[in-house]
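Engineer: Would you mind keeping the following structure in view while I ask a few things?
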Amino acid sequence: MSSVLKRSFGIKQGVFGSFGSRYISTTSKLNYAFAFDIDGVLIKGNKQIPEATRALKLLNGDNSSNRRIPFVLLTNGGGVTESQKAEQISELINVKIDPKQVVLSHSPMQNLAKKYSDKRVLIVGGRGRSCYDVAKNYGFHEAVTPHDIMHWNSSSWPLSTPTSDLSMLTNPAQEFSQLPIHAVMVFHDSFDWGRDIQIMLDALCSHNGILGTRKNDYTVQDVPLYWSNVSLLKFPFCFFTDFPAPRLGQGAVKVALDSLYKTLTGKNLQSVSFGKPHAATYQFADQVLDAITTEKFVGKRNVYAVGDNPAADIQGANGYGWTSILVRTGVFTGKDNSKEFPAQIVCENVEEAVEKVIALEEGKL
Ligand SMILES: [Mg+2]
């Protein structure tokens with residue numbers, strides 16, 4: 001544990017409210033940055049968390065030295081482009097967020113676009129064709145969706161009806177009996193589990209990616225599978241629902257698909273997972289911080305990860321070597337710290353977290 005953090009534990013909570021931007025030095029070298037979770041930290045459902053505006057304004061230079069402290073928004077949410085999410089958050093909290101600062105669950109998957117730029121990739125999840133638009137934007141030029149498969153052959157899942165809205169399709173004339181699927185990528189929650197699991201299984205069990213065929217031997221998995229977020233449960237405010245118990249998330253689809261694949265083939269389904277708490281997502285966020293930071297960092301950069309979900313935000317940050325800060329405005333509402341995934345610092349809200357870190361880093365504690 002760093003000496004800075006050791007000192008932080010000696011400070012009583014409540015004191016931090018008195019620290020503010022006036023402590024930011026104009027001469028010290030910048031060696032820290034922030035990564036904020038969104039739901040439960042900056043917003044809750046479609047409402048802002050009141051302290052979020054002040055917290056981000058402090059980092060945007062609304063302080064005595066006019067210094068900008070770099071930050072990214074790091075969320076397991078998705079299903080929209082980074083620009084759309086930046087616009088949504090900017091409006092809700094009244095602080096301008098640049099799309100470059102937004103890391104969604106599927107953002108790290110854009111690094112796969114080079115490998116699959118001209119390969120047919122099945123993009124699963126999201127409302128309508130929103131995730132297809134995201135994938136195209138990343139550079140997956142041959143992306144297709146379950147809507148395309150259903151339009152090609154509605155018998156592929158007879159329990160759902162193909163969309164009558166042809167604008168949902170990537171290309172209405174695709175003949176999938178001749179067009180292999182090279183990879184399956186789940187970008188967001190499935191809006192039709194039965195259809196999507198069936199079509200994913202069809203691709204994963206197929207001979208050379210041709211839908212409707214079956215392999216003779218499942219020893220080697222030909223079609224790679226990628227998940228953007230494997231959280232089993234979603235908390236109601238993330239789903240804009242007031243139901244009093246958690247809802248099934250993308251991770252639940254993974255459990256179902258893994259089980260079905262094992263039952264049908266006798267083999268374990270291999271896949272790669274992104275999203276918090278997986279390291280690949282933190283590596284990507286680190287790249288983003290490098291790209292958005294204009295002031296040169298001196299020495300090792302301390303990244304403070306502020307989140308409300310111990311299993312995702314705190315476990316992920318601790319595992320990656322960032323400093324974890326747990327806030328009480330979302331999933332976690334306990335008095336002390338999470339027992340399962342304890343954070344290095346616990347704060348009431350995001351404003352307290354930012355003020356506390358600024359004070360720590362500027363050496364005023
Ligand atoms: Mg959250």
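Each chain in the structure tokens gets a letter, A, B and so on, in the order shown; residues start at 1 in every chain, and ligands are counted from 1 in the order they appear.
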Do you know which residues are within 12 Å of ligand 1 using only C-alpha atoms and all ligand atoms? Can you write them as number ranges by chain?

Structural biologist: A: 36-45, 49, 73-77, 231, 233-239, 276-277, 305-314, 326-332, 350

Engineer: Out of range 73-105 of chain A, which residues get strand (DSSP E or B) from DSSP, as a list in words?

Structural biologist: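 In range 73-105 of chain A, DSSP puts these residues in strand (DSSP E or B): Leu73, Leu74, Val102 and Val103 of chain A.
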
Engineer: Find, counting only C-alpha atoms, the residue in A:Val95, A:Leu169, A:Val124, A:Val354 that gets nearest to Ser228 in chain A.

Structural biologist: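 For Ser228 in chain A, the nearest of the candidates is A:Val124.
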
Engineer: For Tyr116 in chain A, please output as JSON, numbers by chain all residues within 10 Å (counting only C-alpha atoms; exclusion window: fewer than 6 positions along the same chain).

Structural biologist: {"A": [110, 139, 140, 141, 142, 143, 182, 183]}

Engineer: Can those selected residues be exported to a file as a compact mmCIF listing (two decimals), in the first residue's frame so that it contains N, CA, C and O atoms?

Structural biologist:
# COMPACT_ATOMS: atom_id res chain seq x y z
N GLN A 110 -13.31 -3.17 -30.00
CA GLN A 110 -12.92 -2.53 -31.26
C GLN A 110 -11.50 -2.91 -31.64
O GLN A 110 -11.12 -2.82 -32.81
N GLY A 139 -15.48 -0.85 -37.10
CA GLY A 139 -14.74 -1.38 -38.24
C GLY A 139 -15.03 -2.83 -38.58
O GLY A 139 -14.29 -3.44 -39.36
N PHE A 140 -16.10 -3.39 -38.01
CA PHE A 140 -16.52 -4.73 -38.41
C PHE A 140 -17.41 -4.57 -39.65
O PHE A 140 -18.63 -4.41 -39.55
N HIS A 141 -16.79 -4.61 -40.81
CA HIS A 141 -17.51 -4.25 -42.04
C HIS A 141 -18.52 -5.31 -42.47
O HIS A 141 -19.42 -5.02 -43.24
N GLU A 142 -18.35 -6.54 -42.00
CA GLU A 142 -19.25 -7.62 -42.42
C GLU A 142 -20.12 -8.10 -41.25
O GLU A 142 -20.50 -9.28 -41.20
N ALA A 143 -20.43 -7.21 -40.34
CA ALA A 143 -21.27 -7.60 -39.19
C ALA A 143 -22.67 -7.98 -39.65
O ALA A 143 -23.23 -7.36 -40.56
N HIS A 182 -17.74 -16.19 -38.93
CA HIS A 182 -16.36 -16.40 -38.48
C HIS A 182 -16.18 -16.19 -36.98
O HIS A 182 -15.21 -16.65 -36.39
N ALA A 183 -17.09 -15.45 -36.36
CA ALA A 183 -17.00 -15.23 -34.90
C ALA A 183 -18.37 -14.77 -34.40
O ALA A 183 -19.17 -14.22 -35.17

Engineer: Which one is closest to Gln315 in chain A: A:Asn302, A:Phe341, A:Pro108, A:Gln84? Count only C-alpha atoms.

Structural biologist: A:Phe341

Engineer: So how many Å separate CA of Thr263 in chain A and CA of Met109 in chain A, to one decimal?

Structural biologist: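 Between CA of Thr263 in chain A and CA of Met109 in chain A the gap is 28.6 Å.
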
Engineer: Give me the residues near His151 in chain A as a list in words, where near means some atom within 9 Å (using only C-alpha atoms) and where sequence neighbours in that chain fewer than 5 positions away do not count.

Structural biologist: Pro146, Pro162, Thr163, Ser164, Leu166, Leu169, Pro172, Ala173 and Gln174 of chain A

Engineer: Output C-alpha atoms of each residue in that selection to a file, as a PDB file, in the first residue's frame.

Structural biologist:
ATOM      1  CA  PRO A 146     -29.927 -12.410 -35.591  1.00  0.00           C
ATOM      2  CA  PRO A 162     -38.870 -11.998 -38.066  1.00  0.00           C
ATOM      3  CA  THR A 163     -38.916  -8.249 -38.045  1.00  0.00           C
ATOM      4  CA  SER A 164     -41.099  -6.634 -40.679  1.00  0.00           C
ATOM      5  CA  LEU A 166     -36.380  -4.020 -43.263  1.00  0.00           C
ATOM      6  CA  LEU A 169     -31.413  -5.642 -41.577  1.00  0.00           C
ATOM      7  CA  PRO A 172     -31.802  -8.235 -46.923  1.00  0.00           C
ATOM      8  CA  ALA A 173     -30.293 -10.444 -49.627  1.00  0.00           C
ATOM      9  CA  GLN A 174     -27.794 -12.503 -47.607  1.00  0.00           C
TER      10      GLN A 174
END

Engineer: So the first atom is CA of Gly249 in chain A and the second is CA of Leu201 in chain A; what is the distance between them in Å, to one decimal place?

Structural biologist: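 Between CA of Gly249 in chain A and CA of Leu201 in chain A the gap works out to 18.8 Å.
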
Engineer: Tell me which of A:Glu362, A:Asp258, A:Asp290, A:Glu51 sits closest to Lys100 in chain A, counting only C-alpha atoms.

Structural biologist: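 Smallest separation from Lys100 in chain A among the options: A:Asp290.
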
Engineer: Could you find all residues in range 96-337 of chain A that DSSP calls helix (DSSP H, G or I) from the backbone, and write them as JSON, numbers by chain?

Structural biologist: {"A": [99, 100, 101, 107, 108, 109, 110, 111, 112, 113, 114, 115, 116, 130, 131, 132, 133, 134, 135, 136, 137, 138, 146, 147, 148, 149, 150, 151, 152, 154, 155, 156, 166, 167, 168, 193, 194, 195, 196, 197, 198, 199, 200, 201, 202, 203, 204, 236, 237, 238, 239, 250, 251, 252, 253, 254, 255, 256, 257, 258, 259, 260, 261, 262, 263, 264, 265, 279, 280, 281, 282, 283, 284, 285, 286, 287, 288, 289, 290, 291, 292, 310, 311, 312, 313, 314, 315, 316, 317, 318, 319, 320]}

Engineer: Closest to Ser156 in chain A among A:Asp202, A:Asp118, A:Asp133, A:Glu175, using only C-alpha atoms?

Structural biologist: A:Asp202
